[in-house]
>>> print(open('data.pdb').read())   # PDB, C-alpha atoms
ATOM      1  CA  MET A   1      20.149  -0.388  14.443
ATOM      2  CA  LYS A   2      20.351  -1.052  10.724
ATOM      3  CA  PHE A   3      17.495  -0.149   8.373
ATOM      4  CA  ALA A   4      16.997  -1.446   4.828
ATOM      5  CA  VAL A   5      15.516   1.093   2.409
ATOM      6  CA  ILE A   6      14.076  -1.031  -0.396
ATOM      7  CA  VAL A   7      14.332   0.596  -3.814
ATOM      8  CA  PHE A   8      12.044  -0.510  -6.643
ATOM      9  CA  PRO A   9      12.168   0.857 -10.188
ATOM     10  CA  GLY A  10      10.029   3.958  -9.742
ATOM     11  CA  SER A  11      10.519   4.485  -6.001
ATOM     12  CA  ASN A  12      11.047   8.187  -5.324
ATOM     13  CA  CYS A  13      10.947   8.630  -1.548
ATOM     14  CA  ASP A  14      13.915   6.363  -0.907
ATOM     15  CA  VAL A  15      16.290   9.299  -0.423
ATOM     16  CA  ASP A  16      13.929  10.963   2.075
ATOM     17  CA  MET A  17      13.678   7.698   3.988
ATOM     18  CA  TYR A  18      17.472   7.279   4.010
ATOM     19  CA  HIS A  19      17.907  10.895   5.122
ATOM     20  CA  ALA A  20      15.423  10.440   7.967
ATOM     21  CA  VAL A  21      17.307   7.421   9.328
ATOM     22  CA  ILE A  22      20.877   8.642   8.815
ATOM     23  CA  ASP A  23      20.653  12.379   9.514
ATOM     24  CA  GLU A  24      17.704  12.804  11.847
ATOM     25  CA  LEU A  25      17.449   9.463  13.635
ATOM     26  CA  GLY A  26      21.202   8.851  13.715
ATOM     27  CA  GLU A  27      21.016   5.159  12.882
ATOM     28  CA  GLU A  28      22.395   3.066  10.020
ATOM     29  CA  ALA A  29      20.657   2.601   6.675
ATOM     30  CA  GLU A  30      21.420   1.018   3.337
ATOM     31  CA  TYR A  31      19.655   1.199  -0.010
ATOM     32  CA  VAL A  32      18.584  -2.269  -1.164
ATOM     33  CA  TRP A  33      17.717  -2.843  -4.838
ATOM     34  CA  HIS A  34      14.533  -4.820  -5.442
ATOM     35  CA  ASP A  35      16.329  -7.912  -6.789
ATOM     36  CA  GLU A  36      18.198  -8.522  -3.517
ATOM     37  CA  THR A  37      17.592 -11.968  -2.003
ATOM     38  CA  ASN A  38      18.988 -11.577   1.495
ATOM     39  CA  LEU A  39      17.914  -9.114   4.204
ATOM     40  CA  ASP A  40      19.462 -10.957   7.162
ATOM     41  CA  ARG A  41      21.813  -8.070   7.947
ATOM     42  CA  PHE A  42      18.959  -5.651   8.669
ATOM     43  CA  GLU A  43      16.933  -5.143  11.821
ATOM     44  CA  ALA A  44      14.150  -3.148  10.162
ATOM     45  CA  ILE A  45      12.731  -2.858   6.647
ATOM     46  CA  LEU A  46      11.441   0.358   5.066
ATOM     47  CA  LEU A  47       9.368   0.357   1.871
ATOM     48  CA  PRO A  48       9.386   3.931   0.559
ATOM     49  CA  GLY A  49       6.838   5.804  -1.519
ATOM     50  CA  GLY A  50       6.881   6.395  -5.232
ATOM     51  CA  PHE A  51       5.408   4.812  -8.326
ATOM     52  CA  SER A  52       6.981   1.373  -8.451
ATOM     53  CA  PHE A  53       6.801  -0.079 -11.968
ATOM     54  CA  GLY A  54       4.847   3.006 -13.040
ATOM     55  CA  ASP A  55       1.831   1.908 -10.968
ATOM     56  CA  TYR A  56       0.977  -0.285 -13.981
ATOM     57  CA  LEU A  57      -2.008  -2.611 -13.532
ATOM     58  CA  ARG A  58      -2.605  -1.512  -9.912
ATOM     59  CA  THR A  59      -0.440   0.347  -7.420
ATOM     60  CA  GLY A  60       2.058  -2.098  -5.939
ATOM     61  CA  ALA A  61       0.732  -5.045  -7.973
ATOM     62  CA  ILE A  62       3.946  -5.671  -9.895
ATOM     63  CA  ALA A  63       6.385  -4.688  -7.141
ATOM     64  CA  ARG A  64       5.021  -7.383  -4.856
ATOM     65  CA  PHE A  65       6.571  -9.977  -7.201
ATOM     66  CA  SER A  66      10.067  -8.466  -6.999
ATOM     67  CA  PRO A  67      12.570 -10.980  -5.568
ATOM     68  CA  VAL A  68      13.151  -8.865  -2.452
ATOM     69  CA  MET A  69       9.514  -9.252  -1.429
ATOM     70  CA  ASN A  70      10.065 -12.902  -0.457
ATOM     71  CA  GLU A  71      12.690 -11.598   1.958
ATOM     72  CA  VAL A  72      10.380  -8.860   3.230
ATOM     73  CA  VAL A  73       7.779 -11.547   3.981
ATOM     74  CA  LYS A  74      10.439 -13.589   5.811
ATOM     75  CA  ALA A  75      11.550 -10.549   7.818
ATOM     76  CA  ALA A  76       7.923  -9.892   8.747
ATOM     77  CA  GLU A  77       7.502 -13.507   9.860
ATOM     78  CA  LEU A  78      10.628 -13.147  12.008
ATOM     79  CA  GLY A  79       8.969 -10.202  13.759
ATOM     80  CA  LYS A  80      11.246  -7.496  12.364
ATOM     81  CA  PRO A  81       9.625  -4.078  11.994
ATOM     82  CA  VAL A  82       8.409  -3.507   8.422
ATOM     83  CA  LEU A  83       7.181  -0.001   7.545
ATOM     84  CA  GLY A  84       5.524   0.747   4.203
ATOM     85  CA  VAL A  85       4.770   4.376   3.378
ATOM     86  CA  CYS A  86       2.447   5.428   0.556
ATOM     87  CA  ASN A  87       3.434   3.192  -2.378
ATOM     88  CA  GLY A  88       5.152   1.009   0.243
ATOM     89  CA  PHE A  89       1.758   0.620   1.961
ATOM     90  CA  GLN A  90       0.151  -0.237  -1.379
ATOM     91  CA  ILE A  91       2.809  -2.917  -1.956
ATOM     92  CA  LEU A  92       2.223  -4.419   1.515
ATOM     93  CA  LEU A  93      -1.512  -4.644   0.702
ATOM     94  CA  GLU A  94      -0.881  -6.327  -2.639
ATOM     95  CA  ALA A  95       1.584  -8.714  -0.994
ATOM     96  CA  GLY A  96      -1.049  -9.703   1.548
ATOM     97  CA  LEU A  97       1.075  -8.607   4.506
ATOM     98  CA  LEU A  98      -1.750  -6.216   5.392
ATOM     99  CA  PRO A  99      -5.481  -6.676   4.719
ATOM    100  CA  GLY A 100      -7.563  -4.549   2.349
ATOM    101  CA  ALA A 101      -6.937  -2.667  -0.887
ATOM    102  CA  MET A 102      -6.492   0.859  -2.259
ATOM    103  CA  ARG A 103      -8.924   2.704  -4.465
ATOM    104  CA  ARG A 104      -8.533   5.951  -6.350
ATOM    105  CA  ASN A 105      -9.056   9.035  -4.136
ATOM    106  CA  ASP A 106     -12.747   9.876  -4.130
ATOM    107  CA  SER A 107     -11.940  13.353  -5.518
ATOM    108  CA  LEU A 108      -9.920  11.680  -8.326
ATOM    109  CA  LYS A 109      -7.195  14.233  -7.551
ATOM    110  CA  PHE A 110      -3.610  13.623  -6.576
ATOM    111  CA  ILE A 111      -3.327  15.375  -3.214
ATOM    112  CA  CYS A 112      -0.052  16.762  -1.884
ATOM    113  CA  SER A 113      -0.652  18.509   1.425
ATOM    114  CA  PRO A 114       0.081  18.426   5.142
ATOM    115  CA  VAL A 115      -2.709  16.672   7.069
ATOM    116  CA  LEU A 116      -3.586  16.179  10.708
ATOM    117  CA  LEU A 117      -3.507  12.613  11.972
ATOM    118  CA  GLU A 118      -4.706  11.138  15.202
ATOM    119  CA  VAL A 119      -2.599   8.433  16.845
ATOM    120  CA  LYS A 120      -5.222   5.775  17.534
ATOM    121  CA  ASN A 121      -2.902   3.244  19.129
ATOM    122  CA  SER A 122       0.273   4.401  20.847
ATOM    123  CA  ASN A 123       1.040   0.965  22.248
ATOM    124  CA  THR A 124       2.972  -0.340  19.233
ATOM    125  CA  MET A 125       6.577  -0.638  18.122
ATOM    126  CA  PHE A 126       5.894   2.213  15.687
ATOM    127  CA  THR A 127       4.091   4.667  17.966
ATOM    128  CA  ASN A 128       5.370   4.196  21.530
ATOM    129  CA  GLN A 129       6.892   7.694  21.559
ATOM    130  CA  TYR A 130       3.518   9.292  20.840
ATOM    131  CA  ALA A 131       0.711   9.852  23.308
ATOM    132  CA  GLN A 132      -2.580   8.042  22.774
ATOM    133  CA  GLY A 133      -4.838  10.358  20.780
ATOM    134  CA  GLU A 134      -1.989  12.751  19.956
ATOM    135  CA  LEU A 135      -2.591  14.935  16.903
ATOM    136  CA  ILE A 136       0.353  15.102  14.532
ATOM    137  CA  GLU A 137       0.985  16.883  11.245
ATOM    138  CA  ILE A 138       2.388  14.745   8.446
ATOM    139  CA  PRO A 139       2.224  15.361   4.685
ATOM    140  CA  ILE A 140       0.376  13.146   2.232
ATOM    141  CA  ALA A 141       1.104  12.849  -1.498
ATOM    142  CA  HIS A 142      -1.021  10.311  -3.310
ATOM    143  CA  GLY A 143      -3.710   9.707  -5.905
ATOM    144  CA  GLU A 144      -4.715   6.286  -4.584
ATOM    145  CA  GLY A 145      -5.006   6.354  -0.818
ATOM    146  CA  ASN A 146      -8.673   5.550  -0.505
ATOM    147  CA  TYR A 147      -8.311   2.538   1.781
ATOM    148  CA  TYR A 148     -10.970  -0.146   1.524
ATOM    149  CA  CYS A 149     -11.680  -3.424   3.271
ATOM    150  CA  ASP A 150     -14.832  -5.463   3.818
ATOM    151  CA  GLU A 151     -16.841  -5.152   7.026
ATOM    152  CA  LYS A 152     -15.492  -8.361   8.536
ATOM    153  CA  THR A 153     -11.909  -7.163   8.072
ATOM    154  CA  LEU A 154     -12.793  -3.739   9.457
ATOM    155  CA  ALA A 155     -14.297  -5.342  12.564
ATOM    156  CA  GLU A 156     -11.089  -7.342  13.043
ATOM    157  CA  LEU A 157      -8.907  -4.251  12.588
ATOM    158  CA  LYS A 158     -10.917  -2.496  15.276
ATOM    159  CA  ALA A 159     -11.055  -5.451  17.652
ATOM    160  CA  ASN A 160      -7.269  -5.890  17.519
ATOM    161  CA  ASN A 161      -6.446  -2.161  17.652
ATOM    162  CA  GLN A 162      -4.793  -2.430  14.246
ATOM    163  CA  ILE A 163      -5.941   1.008  13.116
ATOM    164  CA  ILE A 164      -2.914   3.115  14.053
ATOM    165  CA  PHE A 165      -3.511   6.480  12.370
ATOM    166  CA  THR A 166      -6.710   8.168  11.213
ATOM    167  CA  TYR A 167      -7.210  11.456   9.389
ATOM    168  CA  HIS A 168      -8.371  14.112  11.839
ATOM    169  CA  SER A 169     -11.082  16.682  11.027
ATOM    170  CA  GLU A 170     -10.902  16.097   7.268
ATOM    171  CA  ASN A 171     -10.583  12.896   5.266
ATOM    172  CA  PRO A 172      -8.577  13.731   2.112
ATOM    173  CA  ASN A 173      -9.241  10.579   0.075
ATOM    174  CA  GLY A 174     -12.476   8.884   1.198
ATOM    175  CA  SER A 175     -10.863   5.974   3.072
ATOM    176  CA  ILE A 176     -13.215   3.955   5.241
ATOM    177  CA  GLU A 177     -13.305   5.025   8.902
ATOM    178  CA  ASN A 178     -10.812   7.806   8.005
ATOM    179  CA  ILE A 179      -8.047   5.208   8.013
ATOM    180  CA  ALA A 180      -4.558   6.573   7.284
ATOM    181  CA  GLY A 181      -2.459   3.690   8.615
ATOM    182  CA  ILE A 182      -2.966   0.091   9.742
ATOM    183  CA  MET A 183      -0.832  -2.609  11.318
ATOM    184  CA  ASN A 184      -0.878  -6.391  10.991
ATOM    185  CA  LYS A 185      -2.226  -8.534  13.805
ATOM    186  CA  GLN A 186       1.261  -9.480  15.010
ATOM    187  CA  GLY A 187       2.080  -5.776  15.401
ATOM    188  CA  ASN A 188       5.289  -5.582  13.351
ATOM    189  CA  VAL A 189       4.064  -4.506   9.896
ATOM    190  CA  LEU A 190       2.729  -0.953   9.518
ATOM    191  CA  GLY A 191       1.384   0.586   6.330
ATOM    192  CA  MET A 192       0.443   4.264   6.126
ATOM    193  CA  MET A 193      -0.340   6.729   3.354
ATOM    194  CA  PRO A 194       1.140   9.848   5.069
ATOM    195  CA  HIS A 195       4.892  10.364   4.822
ATOM    196  CA  PRO A 196       6.595  10.469   8.258
ATOM    197  CA  GLU A 197      10.000  10.601   6.529
ATOM    198  CA  ARG A 198       9.024  13.990   5.088
ATOM    199  CA  ALA A 199       8.311  15.353   8.575
ATOM    200  CA  VAL A 200      11.495  14.735  10.534
ATOM    201  CA  ALA A 201      12.807  18.304  11.046
ATOM    202  CA  ASN A 202      11.304  21.748  11.528
ATOM    203  CA  LEU A 203      13.026  22.806   8.326
ATOM    204  CA  LEU A 204      10.634  20.455   6.497
ATOM    205  CA  GLY A 205       7.602  22.058   8.144
ATOM    206  CA  SER A 206       7.082  19.424  10.825
ATOM    207  CA  HIS A 207       9.122  17.011  12.905
ATOM    208  CA  ASP A 208       6.114  14.971  14.006
ATOM    209  CA  GLY A 209       7.188  11.977  11.931
ATOM    210  CA  LEU A 210      10.509  11.538  13.697
ATOM    211  CA  LYS A 211       8.904   9.936  16.763
ATOM    212  CA  LEU A 212       7.717   7.076  14.562
ATOM    213  CA  PHE A 213      11.297   6.165  13.704
ATOM    214  CA  GLN A 214      12.376   6.768  17.308
ATOM    215  CA  SER A 215       9.646   4.395  18.453
ATOM    216  CA  ILE A 216      11.092   1.605  16.287
ATOM    217  CA  VAL A 217      14.562   2.163  17.731
ATOM    218  CA  ASN A 218      13.225   2.430  21.269
ATOM    219  CA  GLN A 219      11.402  -0.874  21.015
ATOM    220  CA  TRP A 220      14.401  -2.582  19.418
ATOM    221  CA  ARG A 221      16.753  -1.354  22.166
ATOM    222  CA  GLU A 222      14.406  -2.488  24.903
ATOM    223  CA  SER A 223      13.974  -5.958  23.464
ATOM    224  CA  HIS A 224      17.737  -6.197  22.937
ATOM    225  CA  ALA A 225      18.505  -5.104  26.480
ATOM    226  CA  ILE A 226      16.192  -7.821  27.761
ATOM    227  CA  LYS A 227      17.846 -10.452  25.555
ATOM    228  CA  ALA A 228      21.363  -9.326  26.579
TER     229      ALA A 228
ATOM    230  CA  MET B   1      -2.776 -20.154 -30.531
ATOM    231  CA  TYR B   2      -5.331 -18.917 -28.046
ATOM    232  CA  LYS B   3      -6.454 -15.396 -27.518
ATOM    233  CA  VAL B   4      -7.703 -14.926 -23.973
ATOM    234  CA  LYS B   5      -9.810 -11.868 -23.250
ATOM    235  CA  VAL B   6      -9.891 -10.929 -19.585
ATOM    236  CA  TYR B   7     -12.401  -8.424 -18.193
ATOM    237  CA  VAL B   8     -11.637  -6.982 -14.769
ATOM    238  CA  THR B   9     -14.366  -5.040 -12.997
ATOM    239  CA  LEU B  10     -14.767  -3.452  -9.583
ATOM    240  CA  LYS B  11     -16.975  -5.459  -7.251
ATOM    241  CA  GLU B  12     -20.550  -4.233  -6.965
ATOM    242  CA  SER B  13     -19.954  -3.320  -3.326
ATOM    243  CA  VAL B  14     -16.985  -1.079  -4.165
ATOM    244  CA  LEU B  15     -17.626   2.547  -5.102
ATOM    245  CA  ASP B  16     -16.116   3.627  -8.408
ATOM    246  CA  PRO B  17     -15.177   7.331  -8.242
ATOM    247  CA  GLN B  18     -14.013   7.332 -11.877
ATOM    248  CA  GLY B  19     -17.280   5.826 -13.078
ATOM    249  CA  THR B  20     -19.228   8.359 -11.004
ATOM    250  CA  ALA B  21     -17.279  11.240 -12.582
ATOM    251  CA  VAL B  22     -17.974   9.906 -16.077
ATOM    252  CA  LYS B  23     -21.661   9.479 -15.253
ATOM    253  CA  LYS B  24     -21.876  13.114 -14.060
ATOM    254  CA  SER B  25     -20.217  14.256 -17.248
ATOM    255  CA  LEU B  26     -22.697  12.262 -19.363
ATOM    256  CA  HIS B  27     -25.566  13.828 -17.456
ATOM    257  CA  MET B  28     -24.144  17.288 -18.136
ATOM    258  CA  MET B  29     -24.088  16.367 -21.836
ATOM    259  CA  GLY B  30     -27.758  15.568 -21.598
ATOM    260  CA  TYR B  31     -27.594  11.757 -21.476
ATOM    261  CA  ASN B  32     -29.799  11.598 -18.404
ATOM    262  CA  ASP B  33     -30.908   8.038 -19.125
ATOM    263  CA  VAL B  34     -27.498   6.741 -18.045
ATOM    264  CA  ASP B  35     -28.114   5.418 -14.548
ATOM    265  CA  ASP B  36     -24.635   4.143 -13.744
ATOM    266  CA  VAL B  37     -21.121   3.872 -15.161
ATOM    267  CA  ARG B  38     -18.558   1.368 -13.951
ATOM    268  CA  ILE B  39     -14.994   1.467 -15.274
ATOM    269  CA  GLY B  40     -12.974  -1.720 -15.604
ATOM    270  CA  LYS B  41     -10.005  -3.127 -17.463
ATOM    271  CA  TYR B  42      -9.704  -5.280 -20.544
ATOM    272  CA  LEU B  43      -6.635  -7.433 -21.148
ATOM    273  CA  GLU B  44      -5.750  -9.669 -24.089
ATOM    274  CA  LEU B  45      -3.348 -12.539 -23.563
ATOM    275  CA  SER B  46      -1.915 -14.528 -26.453
ATOM    276  CA  ILE B  47      -1.081 -18.031 -25.322
ATOM    277  CA  GLY B  48       0.538 -20.837 -27.332
ATOM    278  CA  GLU B  49      -1.698 -23.803 -28.053
ATOM    279  CA  THR B  50       0.722 -26.185 -26.343
ATOM    280  CA  ALA B  51      -0.266 -24.666 -23.000
ATOM    281  CA  GLU B  52      -1.712 -27.341 -20.741
ATOM    282  CA  GLN B  53      -4.619 -26.829 -18.388
ATOM    283  CA  LEU B  54      -5.319 -23.478 -19.947
ATOM    284  CA  GLU B  55      -8.225 -22.525 -17.702
ATOM    285  CA  THR B  56      -6.344 -23.365 -14.517
ATOM    286  CA  MET B  57      -3.423 -21.297 -15.740
ATOM    287  CA  ILE B  58      -5.604 -18.309 -16.624
ATOM    288  CA  GLU B  59      -7.324 -18.422 -13.254
ATOM    289  CA  GLU B  60      -3.949 -18.527 -11.514
ATOM    290  CA  ILE B  61      -2.703 -15.583 -13.563
ATOM    291  CA  CYS B  62      -5.830 -13.615 -12.732
ATOM    292  CA  SER B  63      -5.899 -14.320  -9.020
ATOM    293  CA  LYS B  64      -2.156 -13.798  -8.549
ATOM    294  CA  LEU B  65      -1.535 -10.697 -10.623
ATOM    295  CA  LEU B  66      -4.202  -9.359 -12.951
ATOM    296  CA  VAL B  67      -6.952  -9.029 -10.361
ATOM    297  CA  ASN B  68      -7.074  -7.839  -6.759
ATOM    298  CA  PRO B  69      -9.782 -10.087  -5.302
ATOM    299  CA  VAL B  70     -10.405  -7.668  -2.420
ATOM    300  CA  ILE B  71     -12.002  -5.112  -4.729
ATOM    301  CA  GLU B  72     -12.244  -6.692  -8.183
ATOM    302  CA  ASP B  73     -14.073  -9.479 -10.039
ATOM    303  CA  TYR B  74     -13.119 -10.954 -13.410
ATOM    304  CA  ARG B  75     -14.359 -13.085 -16.230
ATOM    305  CA  TYR B  76     -12.617 -14.311 -19.353
ATOM    306  CA  GLU B  77     -13.239 -15.708 -22.828
ATOM    307  CA  ILE B  78     -10.962 -18.073 -24.729
ATOM    308  CA  GLU B  79     -10.759 -17.864 -28.503
ATOM    309  CA  GLU B  80      -8.779 -20.239 -30.659
ATOM    310  CA  CYS B  81      -7.098 -18.371 -33.471
ATOM    311  CA  VAL B  82      -4.910 -19.292 -36.390
ATOM    312  CA  PRO B  83      -1.521 -17.531 -36.367
ATOM    313  CA  GLN B  84      -1.157 -15.189 -39.332
TER     314      GLN B  84
END
>>> encode(input="data.pdb", output="structure tokens")
Amino acid sequence: MKFAVIVFPGSNCDVDMYHAVIDELGEEAEYVWHDETNLDRFEAILLPGGFSFGDYLRTGAIARFSPVMNEVVKAAELGKPVLGVCNGFQILLEAGLLPGAMRRNDSLKFICSPVLLEVKNSNTMFTNQYAQGELIEIPIAHGEGNYYCDEKTLAELKANNQIIFTYHSENPNGSIENIAGIMNKQGNVLGMMPHPERAVANLLGSHDGLKLFQSIVNQWRESHAIKA
Amino acid sequence: MYKVKVYVTLKESVLDPQGTAVKKSLHMMGYNDVDDVRIGKYLELSIGETAEQLETMIEEICSKLLVNPVIEDYRYEIEECVPQ
């Protein structure tokens, strides 16, 4: 399975993402610069964390107009898995691939720390290797992860089981309903503030993030086996 | 030449942690009459006078890039100015 790691000016978790796929997952990956206009050769798209375009204006606001984003939208429409982590999540929100918006953390502090997450929906292409309700430890590193959406959107997220991860025991940023990660209605675009790519081996302090990548591969293999 | 002044503010329904921090600081300084502080953005665009349908263009620019309509509102003022 071949993963695209999209690199914007200011991305800084692209190497971690690449490492997670190549060294820990054992699949193929390629860095893709943000001006690329063809993603046909990839089966999954990863938008890494960082500070694309210096977070100028709003986080992700400028990156969403990079040429590659038209292709990310196309890939999402084709049903390919699209994972946005941290700044990648912020870009997916700005691009309208996921509902809602990010606010500054309620503490106003940039927080870099391992957190406990609860897997709220394990029946997705991103979480099928986790148990429902499983508690996992994944690090966060952000200043703007305070997820917000209006009540109508929140009701829809709940009704469609689109809330995938929530912060457990302590909410680090003030996000509504302790939201840490949400998925689109179609179930193939996931955005999350915590960094699963930084938790793929015990050497990094946790390997709880690896199952997320394994879930993507698992789902892809199953759907391919059926097609074949 | 037009100078367009765009004011971007957080929606009333959205909490503003920065504004709250500034308000607390003002209270500590003794300015207890300050009931609320909301922080926004101010942008100035210089646009050539040949631009057609100026207001439509400004509204497009705002809704596409300058403003996130999920959490922000905006208003703008257009000034005609003579190039120096």
>>> closest_residue(input="data.pdb", among="B:Leu54, B:Leu26, B:Ile47, B:Val70", to="Val82 (chain B)", atoms="only C-alpha atoms")
B:Ile47
>>> residues_around(input="data.pdb", residues="Val34 (chain B)", least_positions_apart="2", cutoff="12 Å", atoms="all atoms listed in the file", output="number ranges by chain")
B: 19-20, 22-32, 36-38
>>> interface_residues(input="data.pdb", of="chain B", to="chain A", cutoff="12 Å", atoms="all atoms listed in the file", output="ChimeraX atom specification")
/B:8,10-11,13-22,39-43,62-72
>>> atom_distance(input="data.pdb", atom1="CA of Ser223 (chain A)", atom2="CA of Phe89 (chain A)")
25.6 Å
>>> residues_near_point(input="data.pdb", point="(9.6, 8.8, -4.7)", cutoff="6 Å", atoms="all atoms listed in the file", output="mmCIF file with C-alpha atoms, keeping the file's coordinate frame")
data_model
loop_
_atom_site.group_PDB
_atom_site.id
_atom_site.type_symbol
_atom_site.label_atom_id
_atom_site.label_comp_id
_atom_site.auth_asym_id
_atom_site.auth_seq_id
_atom_site.Cartn_x
_atom_site.Cartn_y
_atom_site.Cartn_z
ATOM 1 C CA SER A 11 10.519 4.485 -6.001
ATOM 2 C CA ASN A 12 11.047 8.187 -5.324
ATOM 3 C CA CYS A 13 10.947 8.630 -1.548
ATOM 4 C CA GLY A 49 6.838 5.804 -1.519
ATOM 5 C CA GLY A 50 6.881 6.395 -5.232
#
>>> resolve_selection(input="data.pdb", expression="the PyMOL selection byres ((chain A and resi 132) around 10)", output="list in words")
Glu118, Val119, Lys120, Asn121, Ser122, Asn123, Thr127, Asn128, Gln129, Tyr130, Ala131, Gly133, Glu134 and Leu135 of chain A
>>> resolve_selection(input="data.pdb", expression="the PyMOL selection byres ((chain A and resi 7) around 8)", output="list in words")
Val5, Ile6, Phe8, Pro9, Ser11, Asp14, Tyr31, Val32, Trp33, His34, Leu47 and Pro48 of chain A
>>> resolve_selection(input="data.pdb", expression="the PyMOL selection byres ((chain A and resi 71) around 10)", output="list in words")
Glu36, Thr37, Asn38, Leu39, Asp40, Ile45, Ser66, Pro67, Val68, Met69, Asn70, Val72, Val73, Lys74, Ala75, Ala76 and Glu77 of chain A
>>> atom_distance(input="data.pdb", atom1="CA of Val85 (chain A)", atom2="CA of Ile176 (chain A)")
18.1 Å
>>> atom_distance(input="data.pdb", atom1="CA of Glu77 (chain B)", atom2="CA of Gly60 (chain A)")
26.5 Å
>>> residues_around(input="data.pdb", residues="region 20-25 of chain A", least_positions_apart="2", cutoff="10 Å", atoms="all atoms listed in the file", output="PyMOL selection string")
chain A and resi 1-5+14-18+27-30+196-201+207+209-211+213-214+217
>>> build_atoms(input="data.pdb", residues="region 212-227 of chain A", atoms="N, CA and C atoms", output="compact mmCIF listing (two decimals), keeping the file's coordinate frame")
# COMPACT_ATOMS: atom_id res chain seq x y z
N LEU A 212 8.04 8.40 15.07
CA LEU A 212 7.72 7.08 14.56
C LEU A 212 9.00 6.25 14.44
N PHE A 213 10.03 6.87 13.87
CA PHE A 213 11.30 6.16 13.70
C PHE A 213 11.96 5.92 15.07
N GLN A 214 11.82 6.92 15.95
CA GLN A 214 12.38 6.77 17.31
C GLN A 214 11.68 5.64 18.06
N SER A 215 10.40 5.48 17.80
CA SER A 215 9.65 4.39 18.45
C SER A 215 10.23 3.03 18.07
N ILE A 216 10.54 2.88 16.77
CA ILE A 216 11.09 1.60 16.29
C ILE A 216 12.40 1.31 17.01
N VAL A 217 13.25 2.34 17.09
CA VAL A 217 14.56 2.16 17.73
C VAL A 217 14.39 1.88 19.22
N ASN A 218 13.49 2.60 19.84
CA ASN A 218 13.22 2.43 21.27
C ASN A 218 12.82 0.99 21.59
N GLN A 219 11.89 0.49 20.80
CA GLN A 219 11.40 -0.87 21.02
C GLN A 219 12.52 -1.89 20.79
N TRP A 220 13.31 -1.66 19.76
CA TRP A 220 14.40 -2.58 19.42
C TRP A 220 15.43 -2.62 20.54
N ARG A 221 15.77 -1.42 21.08
CA ARG A 221 16.75 -1.35 22.17
C ARG A 221 16.23 -2.08 23.40
N GLU A 222 14.98 -1.86 23.70
CA GLU A 222 14.41 -2.49 24.90
C GLU A 222 14.42 -4.01 24.78
N SER A 223 14.01 -4.50 23.61
CA SER A 223 13.97 -5.96 23.46
C SER A 223 15.38 -6.54 23.45
N HIS A 224 16.34 -5.74 22.94
CA HIS A 224 17.74 -6.20 22.94
C HIS A 224 18.32 -6.20 24.34
N ALA A 225 17.99 -5.19 25.11
CA ALA A 225 18.50 -5.10 26.48
C ALA A 225 18.01 -6.30 27.29
N ILE A 226 16.75 -6.69 27.04
CA ILE A 226 16.19 -7.82 27.76
C ILE A 226 16.92 -9.10 27.37
N LYS A 227 17.16 -9.25 26.03
CA LYS A 227 17.85 -10.45 25.56
C LYS A 227 19.26 -10.53 26.10
